[in-house]
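Novice: Hey, dropping structure.csv in here, CSV, C-alpha atoms:
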chain,number,residue,atom,x,y,z
A,24,MET,CA,108.0,118.4,87.7
A,25,ILE,CA,107.0,115.9,90.4
A,26,ARG,CA,108.7,116.8,93.7
A,27,VAL,CA,109.0,113.8,96.0
A,28,ILE,CA,109.9,113.5,99.7
A,29,VAL,CA,111.6,110.2,100.6
A,30,ALA,CA,111.2,109.0,104.2
A,31,ASP,CA,113.0,105.8,105.1
A,32,ASP,CA,115.3,104.9,107.9
A,33,HIS,CA,117.6,102.7,105.8
A,34,PRO,CA,120.2,105.1,104.4
A,35,VAL,CA,121.1,102.8,101.5
A,36,PHE,CA,117.5,102.3,100.4
A,37,ARG,CA,116.7,106.0,100.9
A,38,ARG,CA,119.7,107.2,98.9
A,39,GLY,CA,119.1,104.5,96.3
A,40,LEU,CA,115.5,105.6,95.8
A,41,ALA,CA,116.6,109.3,95.7
A,42,MET,CA,119.1,108.4,93.0
A,43,ILE,CA,116.5,106.5,91.0
A,44,LEU,CA,114.2,109.5,91.2
A,45,ALA,CA,116.9,112.0,90.4
A,46,ALA,CA,117.7,110.0,87.2
A,47,GLU,CA,114.1,110.4,86.0
A,48,PRO,CA,113.7,113.7,84.0
A,49,SER,CA,110.3,114.7,85.4
A,50,PHE,CA,111.1,113.9,89.0
A,51,GLN,CA,112.9,115.8,91.7
A,52,VAL,CA,113.8,114.9,95.3
A,53,ALA,CA,112.3,117.6,97.5
A,54,GLY,CA,113.8,116.2,100.6
A,55,GLU,CA,114.9,113.1,102.6
A,56,ALA,CA,113.9,112.1,106.1
A,57,ALA,CA,115.2,109.2,108.2
A,58,ASN,CA,112.4,109.3,110.8
A,59,GLY,CA,109.0,110.6,111.6
A,60,GLY,CA,110.2,113.8,113.2
A,61,GLU,CA,112.4,114.7,110.3
A,62,LEU,CA,109.5,114.0,107.9
A,63,LEU,CA,107.1,116.3,109.7
A,64,SER,CA,109.7,119.0,109.9
A,65,LEU,CA,110.2,118.7,106.1
A,66,LEU,CA,106.5,119.1,105.5
A,67,ASP,CA,106.7,122.6,107.0
A,68,ARG,CA,109.7,123.6,105.0
A,69,VAL,CA,109.4,122.1,101.4
A,70,ALA,CA,106.8,121.9,98.8
A,71,ALA,CA,106.2,118.4,97.5
A,72,ASN,CA,103.8,116.5,95.3
A,73,VAL,CA,104.2,113.0,96.8
A,74,VAL,CA,105.6,111.5,100.0
A,75,CYS,CA,107.2,108.1,99.9
A,76,LEU,CA,107.0,106.7,103.4
A,77,ASP,CA,108.5,103.6,104.9
A,78,ILE,CA,105.8,102.2,107.2
A,79,ASN,CA,108.4,100.4,109.3
A,80,MET,CA,110.6,103.2,110.6
A,81,PRO,CA,111.7,102.9,114.2
A,82,GLY,CA,109.7,104.7,116.8
A,83,LEU,CA,106.1,104.6,117.1
A,84,SER,CA,103.4,103.3,114.9
A,85,GLY,CA,103.8,104.0,111.2
A,86,LEU,CA,100.0,104.2,111.0
A,87,GLU,CA,100.0,107.2,113.4
A,88,LEU,CA,102.6,108.9,111.3
A,89,ILE,CA,100.4,108.5,108.1
A,90,ALA,CA,97.5,110.0,110.0
A,91,GLU,CA,99.7,112.9,111.1
A,92,VAL,CA,101.0,113.6,107.6
A,93,HIS,CA,97.5,113.4,106.2
A,94,LYS,CA,96.2,115.7,108.9
A,95,ARG,CA,98.9,118.3,108.3
A,96,ALA,CA,98.8,118.1,104.5
A,97,PRO,CA,95.5,116.6,103.4
A,98,ARG,CA,96.1,117.1,99.7
A,99,LEU,CA,99.6,115.6,99.7
A,100,PRO,CA,99.4,112.0,98.6
A,101,VAL,CA,101.3,109.4,100.7
A,102,LEU,CA,102.8,106.3,99.1
A,103,ILE,CA,103.6,103.6,101.6
A,104,LEU,CA,106.7,101.6,101.1
A,105,SER,CA,106.8,98.3,103.0
A,106,GLN,CA,109.5,95.7,103.5
A,107,TYR,CA,106.8,93.2,104.3
A,108,PRO,CA,103.8,92.1,102.3
A,109,GLU,CA,101.5,92.9,105.2
A,110,LYS,CA,98.5,93.4,103.1
A,111,GLN,CA,96.1,94.0,105.9
A,112,MET,CA,98.5,96.7,107.0
A,113,ALA,CA,97.8,98.2,103.6
A,114,VAL,CA,94.1,98.4,104.4
A,115,ARG,CA,94.8,100.1,107.7
A,116,ALA,CA,97.2,102.5,106.1
A,117,ILE,CA,94.5,103.4,103.6
A,118,ARG,CA,92.1,104.1,106.5
A,119,GLN,CA,94.7,106.5,107.9
A,120,GLY,CA,94.9,108.4,104.6
A,121,ALA,CA,97.5,106.7,102.4
A,122,SER,CA,96.9,106.8,98.7
A,123,GLY,CA,99.2,104.0,97.6
A,124,TYR,CA,101.1,100.9,98.9
A,125,VAL,CA,104.1,99.3,97.3
A,126,THR,CA,106.4,96.6,98.7
A,127,LYS,CA,110.1,97.3,98.5
A,128,ASP,CA,110.9,94.3,96.4
A,129,ALA,CA,108.9,95.9,93.5
A,130,GLU,CA,110.8,96.9,90.3
A,131,PRO,CA,111.9,100.5,90.2
A,132,GLY,CA,109.5,101.0,87.2
A,133,VAL,CA,106.6,100.0,89.4
A,134,LEU,CA,107.6,102.5,92.1
A,135,ILE,CA,108.1,105.3,89.6
A,136,GLY,CA,104.7,104.5,88.0
A,137,ALA,CA,103.0,104.5,91.4
A,138,ILE,CA,104.5,107.9,92.3
A,139,ARG,CA,103.4,109.3,89.0
A,140,LYS,CA,99.8,108.0,89.6
A,141,LEU,CA,99.7,109.6,93.0
A,142,ALA,CA,101.0,112.9,91.7
A,143,GLU,CA,98.1,112.8,89.3
A,144,GLY,CA,95.7,112.4,92.1
A,145,LYS,CA,95.1,108.7,91.5
A,146,LYS,CA,95.7,105.8,93.8
A,147,HIS,CA,98.1,102.8,93.5
A,148,PHE,CA,97.5,99.4,95.0
A,149,SER,CA,98.4,95.9,94.0
A,150,GLU,CA,95.6,93.6,92.8
A,151,GLU,CA,95.7,91.7,96.1
A,152,VAL,CA,95.2,94.9,98.1
A,153,THR,CA,92.5,96.0,95.8
A,154,GLU,CA,90.7,92.7,96.4
A,155,LEU,CA,91.1,93.1,100.2
A,156,LEU,CA,89.6,96.5,99.9
A,157,ALA,CA,86.6,95.2,98.0
A,158,GLU,CA,86.2,92.5,100.7
A,159,GLN,CA,86.3,95.2,103.4
A,160,PHE,CA,83.8,97.3,101.6
A,161,GLN,CA,81.4,94.4,101.2
A,162,ALA,CA,81.7,93.0,104.6
A,163,PRO,CA,83.5,95.5,106.8
A,164,MET,CA,83.5,93.5,110.0
A,165,GLY,CA,83.7,90.1,108.2
A,166,GLN,CA,87.2,89.2,109.1
A,167,PRO,CA,87.9,88.4,112.8
A,168,HIS,CA,91.1,90.5,112.8
A,169,GLU,CA,89.1,93.6,111.9
A,170,ALA,CA,88.0,93.6,115.5
A,171,LEU,CA,91.6,94.1,116.7
A,172,SER,CA,92.6,97.6,117.7
A,173,ASN,CA,95.6,99.1,115.9
A,174,ARG,CA,97.7,98.3,118.9
A,175,GLU,CA,96.5,94.7,119.1
A,176,MET,CA,97.1,94.3,115.4
A,177,ARG,CA,100.6,95.6,115.8
A,178,VAL,CA,101.4,93.1,118.6
A,179,MET,CA,99.8,90.4,116.6
A,180,VAL,CA,101.9,91.0,113.5
A,181,MET,CA,105.1,91.1,115.7
A,182,LEU,CA,104.1,87.8,117.3
A,183,ALA,CA,103.3,86.2,114.0
A,184,GLY,CA,106.7,87.4,112.7
A,185,GLY,CA,108.5,85.5,115.5
A,186,ASP,CA,109.1,88.2,118.1
A,187,SER,CA,108.9,87.0,121.7
A,188,VAL,CA,106.7,88.7,124.2
A,189,SER,CA,109.7,90.1,126.0
A,190,GLY,CA,111.2,91.2,122.7
A,191,ILE,CA,108.0,93.0,121.8
A,192,GLY,CA,108.0,94.5,125.3
A,193,GLU,CA,111.4,96.0,124.7
A,194,LYS,CA,110.6,97.3,121.3
A,195,LEU,CA,107.3,99.0,122.4
A,196,ASN,CA,108.5,99.9,125.9
A,197,LEU,CA,105.7,97.9,127.5
A,198,SER,CA,106.0,95.4,130.3
A,199,VAL,CA,106.0,91.7,129.6
A,200,LYS,CA,102.7,91.4,131.4
A,201,THR,CA,101.1,94.0,129.2
A,202,VAL,CA,102.3,92.4,126.0
A,203,SER,CA,101.0,89.1,127.3
A,204,THR,CA,97.6,90.6,127.9
A,205,TYR,CA,97.5,91.9,124.3
A,206,ARG,CA,98.5,88.5,123.2
A,207,THR,CA,95.8,86.9,125.2
A,208,ARG,CA,93.2,89.3,123.8
A,209,VAL,CA,94.4,88.8,120.2
A,210,LEU,CA,94.1,85.0,120.7
A,211,GLU,CA,90.6,85.3,122.2
A,212,LYS,CA,89.3,87.7,119.5
A,213,LEU,CA,90.7,85.5,116.8
A,214,LYS,CA,89.6,82.2,118.5
A,215,LEU,CA,93.2,80.8,118.5
A,216,ARG,CA,95.0,78.9,121.1
A,217,SER,CA,98.7,79.2,120.5
A,218,ASN,CA,101.4,81.2,118.7
A,219,ALA,CA,101.6,78.4,116.1
A,220,GLU,CA,97.9,78.9,115.3
A,221,LEU,CA,98.4,82.6,115.2
A,222,ILE,CA,101.2,82.3,112.7
A,223,ARG,CA,99.0,80.1,110.5
A,224,TYR,CA,96.1,82.6,110.8
A,225,ALA,CA,98.5,85.4,109.8
A,226,LEU,CA,99.8,83.5,106.8
A,227,GLU,CA,96.3,82.4,105.7
A,228,HIS,CA,95.0,86.0,105.8
A,229,LYS,CA,98.2,87.4,104.3
A,230,LEU,CA,99.1,89.5,107.2
A,231,ILE,CA,102.7,88.2,107.0
A,232,GLU,CA,104.5,86.1,104.5
B,2,MET,CA,114.7,131.9,117.1
B,3,ALA,CA,111.3,133.5,116.7
B,4,ALA,CA,109.8,130.1,115.9
B,5,LEU,CA,111.4,128.5,118.9
B,6,GLY,CA,110.0,131.3,121.1
B,7,GLU,CA,106.6,130.7,119.7
B,8,ALA,CA,106.9,126.9,120.2
B,9,LEU,CA,108.0,127.5,123.8
B,10,SER,CA,105.1,129.8,124.5
B,11,LEU,CA,102.7,127.3,123.0
B,12,ILE,CA,104.1,124.6,125.3
B,13,ASP,CA,103.9,127.0,128.3
B,14,GLY,CA,100.3,127.7,127.4
B,15,ALA,CA,99.5,124.0,127.3
B,16,ILE,CA,101.2,123.4,130.6
B,17,ALA,CA,99.4,126.4,132.1
B,18,SER,CA,96.0,125.1,131.0
B,19,THR,CA,97.0,121.7,132.4
B,20,ARG,CA,97.9,123.3,135.7
B,21,GLN,CA,94.5,125.1,135.7
B,22,ILE,CA,92.8,121.8,135.2
B,23,ALA,CA,95.0,120.1,137.8
B,24,SER,CA,94.4,122.8,140.3
B,25,GLY,CA,90.9,121.7,141.0
B,26,LEU,CA,88.3,121.4,138.3
B,27,ARG,CA,87.2,117.9,137.3
B,28,PRO,CA,87.4,117.6,133.6
B,29,PRO,CA,83.8,117.3,132.3
B,30,VAL,CA,84.7,114.7,129.8
B,31,LEU,CA,85.8,112.4,132.6
B,32,ASP,CA,82.5,112.6,134.4
B,33,HIS,CA,80.3,112.4,131.4
B,34,PHE,CA,82.1,110.0,129.1
B,35,GLY,CA,84.5,108.1,131.2
B,36,LEU,CA,88.2,107.6,131.6
B,37,ALA,CA,89.0,106.3,128.2
B,38,ALA,CA,87.3,109.2,126.5
B,39,ALA,CA,88.9,111.7,128.8
B,40,ILE,CA,92.4,110.3,128.2
B,41,GLU,CA,91.9,110.2,124.4
B,42,ASP,CA,90.6,113.7,124.4
B,43,HIS,CA,93.5,114.9,126.5
B,44,VAL,CA,96.1,113.2,124.4
B,45,LYS,CA,94.7,114.6,121.2
B,46,GLU,CA,94.8,118.1,122.7
B,47,PHE,CA,98.3,117.4,123.9
B,48,GLU,CA,99.4,116.3,120.4
B,49,ARG,CA,97.9,119.4,119.0
B,50,ALA,CA,99.5,121.8,121.5
B,51,THR,CA,103.0,120.2,121.5
B,52,GLY,CA,103.4,118.5,118.2
B,53,LEU,CA,104.4,115.3,119.8
B,54,LEU,CA,103.3,112.1,118.1
B,55,CYS,CA,101.2,110.0,120.4
B,56,ASP,CA,100.1,106.4,120.0
B,57,CYS,CA,97.2,105.9,122.4
B,58,ASP,CA,95.5,102.6,123.2
B,59,VAL,CA,93.0,102.9,126.1
B,60,GLN,CA,90.5,100.3,127.3
B,61,GLU,CA,86.9,101.2,127.0
B,62,GLY,CA,84.1,100.2,129.4
B,63,LEU,CA,86.1,100.4,132.6
B,64,GLU,CA,83.9,100.9,135.7
B,65,LEU,CA,86.0,102.7,138.2
B,66,PRO,CA,85.2,104.7,141.3
B,67,ARG,CA,85.3,108.4,140.2
B,68,GLY,CA,88.1,109.2,142.6
B,69,GLN,CA,90.3,106.5,141.1
B,70,ALA,CA,89.4,107.5,137.5
B,71,LEU,CA,90.4,111.0,138.3
B,72,ALA,CA,93.7,109.9,140.0
B,73,ILE,CA,94.7,107.9,136.9
B,74,PHE,CA,93.8,110.9,134.7
B,75,ARG,CA,96.0,113.1,136.8
B,76,ILE,CA,98.9,110.7,136.6
B,77,LEU,CA,98.5,110.7,132.9
B,78,GLN,CA,98.5,114.5,132.7
B,79,GLU,CA,101.5,114.8,134.9
B,80,SER,CA,103.5,112.2,132.9
B,81,LEU,CA,102.7,114.0,129.6
B,82,THR,CA,103.7,117.4,131.2
B,83,ASN,CA,107.0,115.8,132.2
B,84,ILE,CA,107.6,114.5,128.7
B,85,VAL,CA,107.2,117.8,127.1
B,86,ARG,CA,109.1,119.7,129.7
B,87,HIS,CA,112.1,117.4,130.5
B,88,SER,CA,112.5,114.6,128.0
B,89,GLY,CA,113.3,116.1,124.6
B,90,ALA,CA,111.0,113.4,123.2
B,91,THR,CA,109.2,113.6,119.9
B,92,GLU,CA,106.9,110.6,120.5
B,93,ALA,CA,104.9,109.1,123.3
B,94,MET,CA,102.9,106.0,123.8
B,95,ILE,CA,99.9,105.8,126.1
B,96,THR,CA,98.4,102.6,127.2
B,97,LEU,CA,95.5,101.9,129.6
B,98,ILE,CA,94.9,98.2,129.8
B,99,GLU,CA,93.1,95.8,132.1
B,100,GLU,CA,95.3,92.8,132.8
B,101,GLU,CA,94.4,89.7,134.7
B,102,ASP,CA,94.0,91.3,138.1
B,103,GLU,CA,95.6,94.7,137.6
B,104,LEU,CA,94.7,97.9,135.8
B,105,VAL,CA,97.7,99.5,134.2
B,106,LEU,CA,98.5,102.9,132.9
B,107,CYS,CA,101.7,103.1,130.9
B,108,VAL,CA,103.2,106.3,129.5
B,109,SER,CA,106.4,106.0,127.6
B,110,ASP,CA,108.5,108.4,125.4
B,111,ASN,CA,111.5,108.3,123.2
B,112,GLY,CA,113.3,111.1,125.0
B,113,ASN,CA,116.5,111.5,126.9
B,114,GLY,CA,115.5,109.5,129.9
B,115,LEU,CA,116.1,110.6,133.5
B,116,ARG,CA,119.7,111.0,134.3
B,117,PRO,CA,120.7,109.5,137.6
B,118,GLN,CA,121.8,111.9,140.3
B,119,GLN,CA,120.3,114.8,138.4
B,120,GLY,CA,119.9,116.8,141.5
B,121,ARG,CA,116.4,117.7,140.4
B,122,PRO,CA,114.1,117.8,143.3
B,123,ALA,CA,111.5,114.9,143.2
B,124,GLY,CA,108.8,117.5,143.3
B,125,GLY,CA,110.1,118.9,140.0
B,126,LEU,CA,108.8,115.9,138.2
B,127,GLY,CA,105.6,115.5,140.3
B,128,LEU,CA,106.7,111.9,141.1
B,129,VAL,CA,105.8,112.2,144.7
B,130,GLY,CA,102.3,113.4,143.8
B,131,MET,CA,101.9,110.6,141.2
B,132,ARG,CA,103.0,108.0,143.7
B,133,GLU,CA,100.5,109.3,146.3
B,134,ARG,CA,97.7,109.2,143.8
B,135,ALA,CA,98.5,105.7,142.9
B,136,SER,CA,98.9,104.4,146.4
B,137,ALA,CA,95.6,106.1,147.4
B,138,TYR,CA,93.9,103.4,145.4
B,139,GLY,CA,96.2,100.6,146.3
B,140,GLY,CA,98.4,101.1,143.3
B,141,GLU,CA,102.1,101.4,142.6
B,142,LEU,CA,104.1,103.7,140.4
B,143,HIS,CA,107.2,102.5,138.6
B,144,VAL,CA,109.4,104.8,136.6
B,145,THR,CA,112.1,103.2,134.5
B,146,SER,CA,114.5,105.0,132.3
B,147,MET,CA,117.6,103.9,130.5
B,148,HIS,CA,119.5,107.1,129.8
B,149,GLY,CA,119.2,107.8,126.1
B,150,ARG,CA,116.3,105.4,125.5
B,151,GLY,CA,113.4,107.2,126.9
B,152,THR,CA,111.3,107.0,130.1
B,153,VAL,CA,108.5,104.6,131.1
B,154,VAL,CA,106.0,105.6,133.8
B,155,GLU,CA,103.8,102.7,134.8
B,156,ALA,CA,101.0,102.8,137.3
B,157,ARG,CA,99.5,99.5,138.4
B,158,PHE,CA,96.3,99.2,140.4
B,159,PRO,CA,94.8,96.0,141.8
B,160,LEU,CA,91.5,95.0,140.5
B,161,PRO,CA,89.2,92.3,141.8
B,162,ARG,CA,89.7,89.1,139.8
B,163,ARG,CA,87.7,89.0,136.6
B,164,LYS,CA,85.3,86.3,137.9
B,165,GLU,CA,84.4,88.4,140.9
B,166,ARG,CA,83.9,91.5,138.8
B,167,THR,CA,81.4,89.9,136.4
B,168,ALA,CA,79.5,88.1,139.1
Let me see whether you can do it: turn the structure in this file into structure tokens.

Specialist:
Amino acid sequence: MIRVIVADDHPVFRRGLAMILAAEPSFQVAGEAANGGELLSLLDRVAANVVCLDINMPGLSGLELIAEVHKRAPRLPVLILSQYPEKQMAVRAIRQGASGYVTKDAEPGVLIGAIRKLAEGKKHFSEEVTELLAEQFQAPMGQPHEALSNREMRVMVMLAGGDSVSGIGEKLNLSVKTVSTYRTRVLEKLKLRSNAELIRYALEHKLIE
Amino acid sequence: MAALGEALSLIDGAIASTRQIASGLRPPVLDHFGLAAAIEDHVKEFERATGLLCDCDVQEGLELPRGQALAIFRILQESLTNIVRHSGATEAMITLIEEEDELVLCVSDNGNGLRPQQGRPAGGLGLVGMRERASAYGGELHVTSMHGRGTVVEARFPLPRRKERTA
């Protein structure tokens, strides 16, 4: 019996996934969480074989949450669910301890298969992510955006996704000046000159779609 | 209830050790490894002691007068203490960043915010102390809080313009 914790802030997706799992004979939903706090609390209270974790839940960095889960339960594999095909985010998620990465537009069968693999101690990544990992391994600092800190990366992806500096400030509880500074640093490190170039860079490197 | 009691005593212990540090001793990490390391260290310890999730991004390589580095560190300590004591938050974000001509420390949380007309004496939050530490180095402290959406403590210090600094 594979016991799965589902952590996602979208109630319909969360319930849908829980129902799909409940319909599979060898799976059982060990618990549901709508945010990071609930997930961590669940870890203390229920036994599970796999955690399905939405990387984009509100609150602070999904990467920090992965690291925290991995720290508290090092042998519990974490499967990241993502609404966006942010493949570089997959690499960072793996660095923080994730064992698998699946986008939410995947077929239910793919998701079930991924959970099963993780429960068996294996990993699950798409071909593209596997390629990225290989690239990382061969030339770890090869890509300019590897020089970005997690926070800079986060701001960069939000900018490339169309968020304004003030919008990012509101979401991250940072002043506009601070977000502007991150933006400037990102542009400098990536040798870009405008948001338009940043979007193109992000598209070329499959950081957004 | 027993678990709650245990959690509270853990937090009290963390605050007590913070007070011990605050009462006089300079943290050795600050002197030997610099402000960034001291903050990261402190935040890690804070996470461990309180269970709050912290997202920390601090700028390395800052060259600050020791007194100023210590003042910033104390503001950070006090802000974190307030978060665990008053806010009901589960997450905090810590930022130390060098902007064009200012050095900024920003500590925010996802707690209850500060209610207006709370009747809590200013000293209860250490705001007066934090403001004094900031202004001792030409800085300003801003505390913003929209009730229910968390609190942001921002300390801004003037820095010589970049060009002058690297000359």

Novice: Segment 132-142 of chain B: which residues within 10 Å, counting only C-alpha atoms, same-chain residues fewer than 6 positions away excluded, as an NGL selection string?

Specialist: :B and (66 or 68-73 or 75-76 or 103-107 or 154-160)

Novice: Give me, as CSV, the closest atom pair and its distance (Å, one decimal) for every residue of chain B within a cut-off of 8 Å of chain A, counting all atoms listed in the file, rows sorted by chain and rising number.

Specialist:
residue,atom,partner,partner_atom,distance
B:Leu54,CA,A:Leu88,CA,7.5
B:Cys55,CA,A:Glu87,CA,7.6
B:Asp56,CA,A:Glu87,CA,6.6
B:Asp58,CA,A:Arg174,CA,6.5
B:Thr91,CA,A:Gly60,CA,6.8
B:Glu92,CA,A:Leu83,CA,6.9
B:Ala93,CA,A:Leu83,CA,7.8
B:Met94,CA,A:Leu83,CA,7.6
B:Ile98,CA,A:Thr201,CA,7.5
B:Glu100,CA,A:Thr204,CA,5.8
B:Glu101,CA,A:Thr204,CA,7.6
B:Cys107,CA,A:Leu197,CA,7.4
B:Ser109,CA,A:Asn196,CA,6.7
B:Asn111,CA,A:Gly82,CA,7.6
B:Val153,CA,A:Asn196,CA,7.0

Novice: Using only C-alpha atoms, pick whichever of A:Gly123, A:Leu210, A:Lys229, A:Ala53 has the shortest atom-to-atom distance to Ala170 of chain A.

Specialist: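 Among the listed residues, the smallest separation from Ala170 of chain A belongs to A:Leu210.
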
Novice: Where's the centre, and what are the edge lengths in Å to one decimal, of a box along x, y and z enclosing all listed atoms of segment 36-44 of chain B padded 3 Å per side, as AutoDock Vina command-line options?

Specialist:
--center_x 91.7 --center_y 110.6 --center_z 128.0 --size_x 14.8 --size_y 14.6 --size_z 13.2

Novice: Between atom CA of Glu227 of chain A and atom CA of His168 of chain A, measure the distance and give it in Å to one decimal.

Specialist: 12.0 Å

Novice: Quick check, in Å to one decimal: how far apart do atom CA of Leu156 of chain A and atom CA of Val114 of chain A lie?

Specialist: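 A separation of 6.6 Å between them.
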
Novice: Excluding His147 of chain A and any residue of its chain fewer than 3 positions from it, enumerate the residues within 12 Å of it, using only C-alpha atoms, and give them as a list in words.

Specialist: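 Counting only C-alpha atoms, the residues come to Pro100, Val101, Leu102, Ile103, Leu104, Ala113, Ile117, Ala121, Ser122, Gly123, Tyr124, Val125, Thr126, Val133, Leu134, Ile135, Gly136, Ala137, Ile138, Arg139, Lys140, Leu141, Ala142, Glu143, Gly144, Glu150, Glu151, Val152 and Thr153 of chain A.
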
Novice: Val52 of chain A: which residues within 10 Å, counting all atoms listed in the file, same-chain residues fewer than 4 positions away excluded, as a ChimeraX atom specification?

Specialist: /A:25-29,40-45,71,73

Novice: Could you state the separation of atom CA of Val108 of chain B and atom CA of Leu81 of chain B in Å, given to one decimal place?

Specialist: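 Answer for the atom CA of Val108 of chain B to atom CA of Leu81 of chain B separation: 7.7 Å.
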
Novice: Rank A:Ile222, A:Leu213, A:Lys94, A:Arg206 by their smallest atom-to-atom distance to Glu48 of chain B, using only C-alpha atoms, and report the top residue only.

Specialist: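 Once distances to Glu48 of chain B are computed over only C-alpha atoms, the minimum belongs to A:Lys94.
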
Novice: Residues near Ala225 of chain A, anyone? I mean within 8 Å using all atoms listed in the file, not counting same-chain ones fewer than 6 positions away, as a ChimeraX atom specification.

Specialist: /A:180,183,231

Novice: Quick one: everything within 9 Å of segment 60-63 of chain B, counting all atoms listed in the file, minus sequence neighbours fewer than 4 positions away in the same chain. Send it as an MDAnalysis selection string.

Specialist: chainID B and resid 35:38 96:99

Novice: Within 10 Å of (106.2, 84.3, 112.0) (file coordinates; all atoms listed in the file), which protein or nucleic acid residues are there? I'd like them as a list in words.

Specialist: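 Those residues, ordered by chain and then number, are Met179, Val180, Met181, Leu182, Ala183, Gly184, Gly185, Asp186, Asn218, Ala219, Leu221, Ile222, Arg223, Ala225, Leu226, Ile231 and Glu232 of chain A.
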
Novice: Could you pull segment 210-223 of chain A out of the structure just shown and give N, CA and C atoms as a PDB file, in the first residue's frame?

Specialist:
ATOM      1  N   LEU A 210      19.632  41.439 -14.310  1.00  0.00           N
ATOM      2  CA  LEU A 210      19.979  41.905 -15.656  1.00  0.00           C
ATOM      3  C   LEU A 210      21.497  41.956 -15.831  1.00  0.00           C
ATOM      4  N   GLU A 211      22.190  42.449 -14.807  1.00  0.00           N
ATOM      5  CA  GLU A 211      23.654  42.529 -14.887  1.00  0.00           C
ATOM      6  C   GLU A 211      24.273  41.155 -15.005  1.00  0.00           C
ATOM      7  N   LYS A 212      23.831  40.235 -14.134  1.00  0.00           N
ATOM      8  CA  LYS A 212      24.429  38.898 -14.126  1.00  0.00           C
ATOM      9  C   LYS A 212      24.154  38.159 -15.431  1.00  0.00           C
ATOM     10  N   LEU A 213      23.008  38.415 -16.013  1.00  0.00           N
ATOM     11  CA  LEU A 213      22.657  37.720 -17.250  1.00  0.00           C
ATOM     12  C   LEU A 213      23.032  38.533 -18.485  1.00  0.00           C
ATOM     13  N   LYS A 214      23.625  39.698 -18.275  1.00  0.00           N
ATOM     14  CA  LYS A 214      24.039  40.570 -19.370  1.00  0.00           C
ATOM     15  C   LYS A 214      22.857  40.913 -20.286  1.00  0.00           C
ATOM     16  N   LEU A 215      21.763  41.319 -19.658  1.00  0.00           N
ATOM     17  CA  LEU A 215      20.575  41.717 -20.411  1.00  0.00           C
ATOM     18  C   LEU A 215      20.296  43.187 -20.140  1.00  0.00           C
ATOM     19  N   ARG A 216      19.455  43.784 -20.976  1.00  0.00           N
ATOM     20  CA  ARG A 216      19.246  45.218 -20.808  1.00  0.00           C
ATOM     21  C   ARG A 216      17.805  45.637 -20.577  1.00  0.00           C
ATOM     22  N   SER A 217      16.867  44.694 -20.699  1.00  0.00           N
ATOM     23  CA  SER A 217      15.474  45.103 -20.545  1.00  0.00           C
ATOM     24  C   SER A 217      14.629  43.899 -20.153  1.00  0.00           C
ATOM     25  N   ASN A 218      13.404  44.177 -19.744  1.00  0.00           N
ATOM     26  CA  ASN A 218      12.476  43.093 -19.426  1.00  0.00           C
ATOM     27  C   ASN A 218      12.213  42.228 -20.651  1.00  0.00           C
ATOM     28  N   ALA A 219      12.167  42.887 -21.812  1.00  0.00           N
ATOM     29  CA  ALA A 219      11.908  42.127 -23.042  1.00  0.00           C
ATOM     30  C   ALA A 219      13.012  41.095 -23.263  1.00  0.00           C
ATOM     31  N   GLU A 220      14.270  41.534 -23.077  1.00  0.00           N
ATOM     32  CA  GLU A 220      15.389  40.591 -23.246  1.00  0.00           C
ATOM     33  C   GLU A 220      15.345  39.510 -22.180  1.00  0.00           C
ATOM     34  N   LEU A 221      14.884  39.892 -20.999  1.00  0.00           N
ATOM     35  CA  LEU A 221      14.794  38.936 -19.905  1.00  0.00           C
ATOM     36  C   LEU A 221      13.771  37.849 -20.231  1.00  0.00           C
ATOM     37  N   ILE A 222      12.646  38.290 -20.793  1.00  0.00           N
ATOM     38  CA  ILE A 222      11.613  37.317 -21.169  1.00  0.00           C
ATOM     39  C   ILE A 222      12.162  36.371 -22.230  1.00  0.00           C
ATOM     40  N   ARG A 223      12.884  36.953 -23.204  1.00  0.00           N
ATOM     41  CA  ARG A 223      13.424  36.094 -24.258  1.00  0.00           C
ATOM     42  C   ARG A 223      14.434  35.098 -23.696  1.00  0.00           C
TER      43      ARG A 223
END
